[in-house]
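Below: start-v6.pdb (PDB, C-alpha atoms and all ligand atoms)
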```pdb
ATOM      1  CA  SER S 155      87.148  99.749 112.734
ATOM      2  CA  HIS S 156      90.083  99.797 110.323
ATOM      3  CA  GLY S 157      88.899 103.102 108.870
ATOM      4  CA  GLN S 158      88.735 104.718 112.305
ATOM      5  CA  HIS S 159      92.229 103.447 113.121
ATOM      6  CA  VAL S 160      93.628 105.006 109.942
ATOM      7  CA  GLU S 161      91.786 108.259 110.701
ATOM      8  CA  TYR S 162      93.355 108.536 114.164
ATOM      9  CA  LEU S 163      96.782 107.479 112.882
ATOM     10  CA  ARG S 164      96.499 110.313 110.370
ATOM     11  CA  HIS S 165      95.656 112.672 113.253
ATOM     12  CA  ALA S 166      98.708 111.364 115.136
ATOM     13  CA  LEU S 167     100.808 111.942 111.995
ATOM     14  CA  SER S 168      99.691 115.586 111.937
ATOM     15  CA  GLU S 169     100.910 115.828 115.538
ATOM     16  CA  ALA S 170     104.247 114.269 114.564
ATOM     17  CA  GLN S 171     104.720 117.028 111.965
ATOM     18  CA  LYS S 172     104.953 119.545 114.837
ATOM     19  CA  SER S 173     108.059 117.856 116.259
ATOM     20  CA  PRO S 174     111.424 119.589 115.720
ATOM     21  CA  PRO S 175     113.629 117.321 113.519
ATOM     22  CA  LYS S 176     116.641 115.810 115.360
ATOM     23  CA  PRO S 177     119.096 113.082 114.295
ATOM     24  CA  THR S 178     118.965 111.452 117.741
ATOM     25  CA  ASN S 179     115.315 110.400 117.819
ATOM     26  CA  PHE S 180     112.202 110.006 115.667
ATOM     27  CA  ARG S 181     109.394 112.538 115.096
ATOM     28  CA  VAL S 182     106.362 110.717 116.439
ATOM     29  CA  GLY S 183     102.751 111.707 117.125
ATOM     30  CA  CYS S 184     100.298 110.219 119.609
ATOM     31  CA  VAL S 185      96.529 110.516 120.200
ATOM     32  CA  LEU S 186      94.610 109.084 123.190
ATOM     33  CA  VAL S 187      91.044 108.143 122.191
ATOM     34  CA  SER S 188      88.107 107.056 124.365
ATOM     35  CA  TYR S 189      85.684 104.530 122.909
ATOM     36  CA  ARG S 190      83.229 104.881 125.812
ATOM     37  CA  LYS S 191      80.697 105.658 123.095
ATOM     38  CA  PRO S 192      81.879 103.399 120.253
ATOM     39  CA  GLN S 193      80.017 105.430 117.654
ATOM     40  CA  GLU S 194      81.364 108.729 118.954
ATOM     41  CA  PRO S 195      85.009 108.194 119.905
ATOM     42  CA  GLN S 196      86.512 111.153 121.756
ATOM     43  CA  ILE S 197      90.078 112.480 121.685
ATOM     44  CA  LEU S 198      91.328 112.766 125.280
ATOM     45  CA  SER S 199      94.879 113.978 124.674
ATOM     46  CA  THR S 200      97.577 114.355 122.030
ATOM     47  CA  GLY S 201     101.361 114.518 122.092
ATOM     48  CA  TYR S 202     104.400 114.782 119.838
ATOM     49  CA  THR S 203     108.111 114.146 120.365
ATOM     50  CA  LEU S 204     109.765 116.944 122.395
ATOM     51  CA  GLU S 205     106.407 118.732 122.971
ATOM     52  CA  LEU S 206     106.986 118.839 126.715
ATOM     53  CA  GLU S 207     110.199 120.037 128.335
ATOM     54  CA  GLY S 208     113.173 117.662 128.152
ATOM     55  CA  ASN S 209     113.896 114.621 126.014
ATOM     56  CA  THR S 210     110.249 113.565 125.803
ATOM     57  CA  HIS S 211     108.515 111.029 123.568
ATOM     58  CA  ALA S 212     105.124 111.553 121.911
ATOM     59  CA  GLU S 213     103.347 108.877 123.975
ATOM     60  CA  GLN S 214     104.967 110.221 127.138
ATOM     61  CA  CYS S 215     103.676 113.738 126.328
ATOM     62  CA  ALA S 216     100.104 112.601 125.612
ATOM     63  CA  LEU S 217      99.984 110.606 128.866
ATOM     64  CA  THR S 218     101.632 113.354 130.952
ATOM     65  CA  LYS S 219      99.277 116.018 129.559
ATOM     66  CA  MET S 220      96.298 113.790 130.437
ATOM     67  CA  ASP S 221      97.644 113.397 133.977
ATOM     68  CA  GLU S 222      98.265 117.147 134.341
ATOM     69  CA  ALA S 223      94.770 117.971 133.056
ATOM     70  CA  HIS S 224      93.276 116.024 135.998
ATOM     71  CA  PRO S 225      95.518 117.110 138.914
ATOM     72  CA  ARG S 226      93.279 115.936 141.751
ATOM     73  CA  GLU S 227      92.354 112.515 140.420
ATOM     74  CA  GLY S 228      95.366 110.670 141.744
ATOM     75  CA  GLY S 229      97.198 109.681 138.610
ATOM     76  CA  LEU S 230      96.510 107.944 135.311
ATOM     77  CA  PRO S 231      95.258 104.602 136.720
ATOM     78  CA  ASN S 232      92.428 106.585 138.343
ATOM     79  CA  ILE S 233      91.901 108.950 135.432
ATOM     80  CA  LEU S 234      91.830 106.320 132.682
ATOM     81  CA  THR S 235      88.974 104.357 134.221
ATOM     82  CA  GLN S 236      87.666 101.193 132.585
ATOM     83  CA  GLY S 237      84.612 103.094 131.385
ATOM     84  CA  LEU S 238      86.782 105.269 129.173
ATOM     85  CA  LYS S 239      87.917 102.295 127.036
ATOM     86  CA  VAL S 240      91.133 104.066 126.010
ATOM     87  CA  THR S 241      93.076 103.317 122.825
ATOM     88  CA  LEU S 242      96.504 104.932 122.402
ATOM     89  CA  TYR S 243      97.353 105.714 118.760
ATOM     90  CA  THR S 244     101.017 106.315 117.983
ATOM     91  CA  THR S 245     102.605 106.721 114.567
ATOM     92  CA  LEU S 246     105.632 104.646 115.621
ATOM     93  CA  GLU S 247     105.587 101.485 117.718
ATOM     94  CA  PRO S 248     106.080 102.492 121.389
ATOM     95  CA  CYS S 249     109.631 102.135 122.632
ATOM     96  CA  SER S 250     110.715  99.491 125.118
ATOM     97  CA  LYS S 251     114.334 100.698 125.268
ATOM     98  CA  ARG S 252     115.692 104.222 124.974
ATOM     99  CA  LEU S 253     119.365 104.991 124.379
ATOM    100  CA  SER S 254     118.993 107.878 126.839
ATOM    101  CA  GLY S 255     117.977 105.409 129.546
ATOM    102  CA  ASN S 256     114.717 107.283 130.184
ATOM    103  CA  THR S 257     111.618 105.238 131.062
ATOM    104  CA  PRO S 258     110.359 103.523 127.903
ATOM    105  CA  CYS S 259     106.815 104.326 126.784
ATOM    106  CA  VAL S 260     105.747 100.670 126.918
ATOM    107  CA  GLN S 261     106.406 100.848 130.669
ATOM    108  CA  ARG S 262     104.457 104.107 130.959
ATOM    109  CA  ILE S 263     101.534 102.517 129.077
ATOM    110  CA  ILE S 264     101.550  99.383 131.258
ATOM    111  CA  ASP S 265     101.757 101.544 134.410
ATOM    112  CA  THR S 266      98.379 103.142 133.554
ATOM    113  CA  ARG S 267      96.737  99.778 134.225
ATOM    114  CA  GLN S 268      97.711  99.269 137.890
ATOM    115  CA  GLY S 269      94.947  97.578 139.780
ATOM    116  CA  ASP S 270      92.119  97.661 137.299
ATOM    117  CA  PRO S 271      92.935  95.237 134.451
ATOM    118  CA  GLU S 272      90.097  96.767 132.462
ATOM    119  CA  GLY S 273      91.338 100.315 133.045
ATOM    120  CA  GLY S 274      94.254 102.379 131.773
ATOM    121  CA  VAL S 275      95.308 102.101 128.155
ATOM    122  CA  ARG S 276      93.486  99.024 126.848
ATOM    123  CA  LYS S 277      94.859  98.973 123.318
ATOM    124  CA  VAL S 278      97.785 100.424 121.359
ATOM    125  CA  VAL S 279      97.486 101.029 117.596
ATOM    126  CA  PHE S 280     100.688 101.979 115.746
ATOM    127  CA  GLY S 281     101.445 102.760 112.120
ATOM    128  CA  ALA S 282     105.073 101.676 111.737
ATOM    129  CA  LYS S 283     107.601  99.348 113.351
ATOM    130  CA  GLU S 284     110.558 101.128 114.961
ATOM    131  CA  PRO S 285     113.400 101.399 112.425
ATOM    132  CA  ASN S 286     116.657  99.868 113.694
ATOM    133  CA  THR S 287     118.465 103.239 113.766
ATOM    134  CA  PHE S 288     118.877 103.335 117.554
ATOM    135  CA  VAL S 289     117.665 100.042 119.005
ATOM    136  CA  GLN S 290     117.073  96.729 117.263
ATOM    137  CA  ASP S 291     114.664  93.866 117.764
ATOM    138  CA  SER S 292     112.007  95.791 119.695
ATOM    139  CA  GLN S 293     110.362  93.746 122.438
ATOM    140  CA  SER S 294     107.464  96.227 122.711
ATOM    141  CA  CYS S 295     104.683  94.070 121.292
ATOM    142  CA  ARG S 296     105.677  91.043 123.406
ATOM    143  CA  LEU S 297     105.765  93.209 126.550
ATOM    144  CA  LEU S 298     102.352  94.721 125.788
ATOM    145  CA  THR S 299     100.821  91.283 125.193
ATOM    146  CA  GLU S 300     102.346  89.931 128.414
ATOM    147  CA  ALA S 301     100.801  92.874 130.293
ATOM    148  CA  GLY S 302      97.380  92.236 128.764
ATOM    149  CA  VAL S 303      97.445  95.335 126.530
ATOM    150  CA  GLU S 304      96.048  94.654 123.075
ATOM    151  CA  TRP S 305      98.002  96.083 120.144
ATOM    152  CA  GLU S 306      97.457  96.378 116.411
ATOM    153  CA  TYR S 307      99.901  97.374 113.645
ATOM    154  CA  ILE S 308      98.126  99.232 110.814
ATOM    155  CA  PRO S 309     100.647  99.722 107.967
ATOM    156  CA  ASP S 310      98.445 101.892 105.674
ATOM    157  CA  LEU S 311     100.416 105.110 106.360
ATOM    158  CA  GLU S 312     103.794 103.510 107.094
ATOM    159  CA  GLN S 313     105.797 105.235 104.346
ATOM    160  CA  GLU S 314     104.490 108.711 105.254
ATOM    161  CA  ILE S 315     105.020 107.981 108.961
ATOM    162  CA  LEU S 316     108.641 106.899 108.459
ATOM    163  CA  ALA S 317     109.399 109.886 106.200
ATOM    164  CA  VAL S 318     108.166 112.249 108.944
ATOM    165  CA  ALA S 319     109.838 110.223 111.701
ATOM    166  CA  MET S 320     113.286 110.413 110.091
ATOM    167  CA  GLU S 321     113.117 113.989 108.824
ATOM    168  CA  GLY S 322     116.066 115.045 110.956
ATOM    169  CA  HIS S 323     118.296 112.126 110.014
ATOM    170  CA  ASP S 324     121.077 112.694 107.463
ATOM    171  CA  LYS S 325     119.983 111.476 104.056
ATOM    172  CA  LYS S 326     122.410 108.728 103.053
ATOM    173  CA  GLU S 327     122.455 107.941  99.351
ATOM    174  CA  SER S 328     120.269 104.824  99.306
ATOM    175  CA  SER S 329     122.361 101.877  98.075
ATOM    176  CA  GLY S 330     119.850 101.174  95.317
ATOM    177  CA  ALA S 331     119.926 104.720  93.967
ATOM    178  CA  ILE S 332     120.393 104.882  90.210
ATOM    179  CA  ASN S 333     123.450 106.999  89.565
ATOM    180  CA  PRO S 334     123.136 108.709  86.140
ATOM    181  CA  SER S 335     126.728 107.895  85.236
ATOM    182  CA  THR S 336     125.865 104.210  85.402
ATOM    183  CA  GLU S 337     122.902 104.621  83.047
ATOM    184  CA  SER S 338     123.318 102.808  79.757
ATOM    185  CA  SER S 339     125.008 105.104  77.257
ATOM    186  CA  SER S 340     122.280 104.485  74.726
ATOM    187  CA  GLY S 341     119.962 106.761  76.624
ATOM    188  CA  ALA S 342     117.153 104.652  75.231
ATOM    189  CA  PRO S 343     114.316 104.364  77.709
ATOM    190  CA  ALA S 344     114.986 101.368  79.971
TER     191      ALA S 344
HETATM  192  N1  LIG B 401     107.671 105.544 119.794
HETATM  193  C1  LIG B 401     108.564 106.572 119.880
HETATM  194  N2  LIG B 401     108.117 107.822 120.180
HETATM  195  C2  LIG B 401     108.963 108.888 120.197
HETATM  196  O1  LIG B 401     108.525 110.017 120.461
HETATM  197  C3  LIG B 401     110.364 108.678 119.919
HETATM  198  N3  LIG B 401     111.247 109.750 119.887
HETATM  199  C4  LIG B 401     110.791 107.361 119.663
HETATM  200  N4  LIG B 401     112.124 107.115 119.474
HETATM  201  C5  LIG B 401     112.630 105.754 119.725
HETATM  202  C6  LIG B 401     114.161 105.738 119.716
HETATM  203  O2  LIG B 401     114.568 104.400 119.974
HETATM  204  C7  LIG B 401     114.743 106.665 120.811
HETATM  205  O3  LIG B 401     114.451 107.999 120.501
HETATM  206  C8  LIG B 401     116.274 106.470 120.842
HETATM  207  O4  LIG B 401     116.540 105.219 121.442
HETATM  208  C9  LIG B 401     116.964 107.555 121.665
HETATM  209  O5  LIG B 401     116.470 107.529 122.986
HETATM  210  P1  LIG B 401     115.852 108.914 123.573
HETATM  211  O6  LIG B 401     114.695 109.260 122.680
HETATM  212  O7  LIG B 401     116.958 109.929 123.503
HETATM  213  O8  LIG B 401     115.404 108.583 124.975
HETATM  214  N5  LIG B 401     109.896 106.318 119.631
HETATM  215 ZN    ZN B 402     108.963 106.105 123.788
END
```
structure tokens encoding of this file:
Amino acid sequence: SHGQHVEYLRHALSEAQKSPPKPTNFRVGCVLVSYRKPQEPQILSTGYTLELEGNTHAEQCALTKMDEAHPREGGLPNILTQGLKVTLYTTLEPCSKRLSGNTPCVQRIIDTRQGDPEGGVRKVVFGAKEPNTFVQDSQSCRLLTEAGVEWEYIPDLEQEILAVAMEGHDKKESSGAINPSTESSSGAPA
């Protein structure tokens, strides 16, 4: 339900807050949730940007941690079985291009579905579109749809999500900022 989606996006946002601010990426949080029991969804894994060693993304960390927690089950396609009915929550739309050239998270999400079309990550819920700071015109949603992965954009927390995501970016004076010297001299309330 919408309320559940917002609840898990808020959980993902609390994960994003753990990420060290950097000007070269966004601070993102991710939560993997199983809806095997629709009335009692279960958190399977969480991740945040740079949580794991290297230049890692939040979704990448949540998926890798899930894989590493089940070392003898032969990889995510076998771990994320269709019975688990997995939804991946991420504060920011998953990437489909990374300036570093590392594997985009959309590819990592699609790769969890090898073989069993009902398995792997079945749905992605995100709380904000990727700002055009690094890459423009994200193809992520089209790629997910083409791969049979449902997705849903829930904008309820978008402003908070973007503020956290861009914490490490230099704060340019926003073009619309009211500069006191341009205020009317009358000082009368506008
Ligand atoms: N969904 C998402 N989760 C993240 O954890 C993260 N950091 C980004 N960020 C997207 C942004 O487009 C890339 O961070 C830049 O393109 C730089 O690429 P690298 O991150 O250095 O590979 N996006
Ligand atoms: Zn990514």
Next on the checklist: Since I can't run it myself right now, could you work out what the PyMOL selection byres (((chain S and resi 186-192) around 8) and not hetatm) selects here and report it as a VMD selection string?
Outcome noted: chain S and resid 184 to 185 193 to 200 216 to 217 237 to 243
Next on the checklist: What's the separation between atom CA of S:His159 and atom CA of S:Glu304, in Å to one decimal place?
Outcome noted: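 For atom CA of S:His159 relative to atom CA of S:Glu304, the distance reads 13.8 Å.
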Item to check | Result set of the PyMOL selection byres (((chain S and resi 236) around 10) and not hetatm) on the coordinates above, as a VMD selection string | outcome: chain S and resid 190 231 to 235 237 to 240 267 270 to 276
Next, dump the selected residues to file, keeping only C-alpha atoms, as a PDB file, in the coordinates of the input.
```
ATOM      1  CA  ARG S 190      83.229 104.881 125.812  1.00  0.00           C
ATOM      2  CA  PRO S 231      95.258 104.602 136.720  1.00  0.00           C
ATOM      3  CA  ASN S 232      92.428 106.585 138.343  1.00  0.00           C
ATOM      4  CA  ILE S 233      91.901 108.950 135.432  1.00  0.00           C
ATOM      5  CA  LEU S 234      91.830 106.320 132.682  1.00  0.00           C
ATOM      6  CA  THR S 235      88.974 104.357 134.221  1.00  0.00           C
ATOM      7  CA  GLY S 237      84.612 103.094 131.385  1.00  0.00           C
ATOM      8  CA  LEU S 238      86.782 105.269 129.173  1.00  0.00           C
ATOM      9  CA  LYS S 239      87.917 102.295 127.036  1.00  0.00           C
ATOM     10  CA  VAL S 240      91.133 104.066 126.010  1.00  0.00           C
ATOM     11  CA  ARG S 267      96.737  99.778 134.225  1.00  0.00           C
ATOM     12  CA  ASP S 270      92.119  97.661 137.299  1.00  0.00           C
ATOM     13  CA  PRO S 271      92.935  95.237 134.451  1.00  0.00           C
ATOM     14  CA  GLU S 272      90.097  96.767 132.462  1.00  0.00           C
ATOM     15  CA  GLY S 273      91.338 100.315 133.045  1.00  0.00           C
ATOM     16  CA  GLY S 274      94.254 102.379 131.773  1.00  0.00           C
ATOM     17  CA  VAL S 275      95.308 102.101 128.155  1.00  0.00           C
ATOM     18  CA  ARG S 276      93.486  99.024 126.848  1.00  0.00           C
TER      19      ARG S 276
END
```
Next on the checklist: With the PyMOL selection byres (((not hetatm)) within 9 of (chain B and resi 402)) as the selection, what would be picked from this file? Answer as an NGL selection string, please.
Outcome noted: :S and (203 or 210-214 or 246-252 or 256-260 or 262)
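For the residues S:Gly322, S:Gly201, S:Gly228, S:Gly208, ranking by smallest atom-to-atom distance to S:His165 using all atoms listed in the file places S:Gly201 first.
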Next on the checklist: Just checking: using only C-alpha atoms, which residue out of S:Asn179, S:Gln293, S:Thr299, S:Thr287 ends up closest to S:Ser254?
Outcome noted: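 Smallest separation from S:Ser254 among the options: S:Asn179.
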Item to check | Residues near stretch 308-320 of chain S, cut-off 12 Å, all atoms listed in the file, skip fewer than 2 positions along chain, as JSON, numbers by chain | outcome: {"S": [155, 156, 157, 158, 159, 160, 161, 162, 163, 164, 165, 166, 167, 168, 169, 170, 171, 172, 173, 174, 175, 176, 177, 178, 179, 180, 181, 182, 183, 184, 202, 203, 211, 212, 243, 244, 245, 246, 247, 278, 279, 280, 281, 282, 283, 284, 285, 286, 287, 288, 305, 306, 322, 323, 324, 325, 326]}
Next on the checklist: Which residue is closest to ligand LIG 401 (chain B)? Choose from S:Thr218, S:Gln261, S:Thr266, S:Gln290 and count all atoms listed in the file.
Outcome noted: S:Gln290
Item to check | Between atom P1 of ligand LIG 401 (chain B) and atom CA of S:Ala223, distance in Å (one decimal) | outcome: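 Separation of atom P1 of ligand LIG 401 (chain B) and atom CA of S:Ala223: 24.8 Å.
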Checklist entry - Given the choices S:Met220, S:Val303, S:Leu204, S:Leu253, which gets closest to ligand LIG 401 (chain B) if the distance is worked out from all atoms listed in the file? => result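 Ranked by minimum distance to ligand LIG 401 (chain B), first place goes to S:Leu253.
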Report, as JSON, the axis-aligned box around all atoms of ligand LIG 401 (chain B) present in the file, extended by 4 Å on each side; give centre and edge lengths in Å to one decimal place.
```
{"center_x": 112.3, "center_y": 107.2, "center_z": 122.2, "size_x": 17.3, "size_y": 13.6, "size_z": 13.5}
```
Checklist entry - Closest to ligand LIG 401 (chain B) among S:Cys215, S:Val289, S:Glu222, S:Leu230, using only C-alpha atoms and all ligand atoms? => result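 The closest residue to ligand LIG 401 (chain B) is S:Val289.
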Next on the checklist: Please report the interatomic distance between atom CA of S:Glu321 and atom CA of S:Leu206 in Å with one decimal.
Outcome noted: 19.5 Å
Item to check | Nearest residue to ligand LIG 401 (chain B) from the set S:Ile264, S:Lys277, S:Asp291, S:Arg226 (distances using only C-alpha atoms and all ligand atoms) | outcome: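 The closest residue to ligand LIG 401 (chain B) is S:Asp291.
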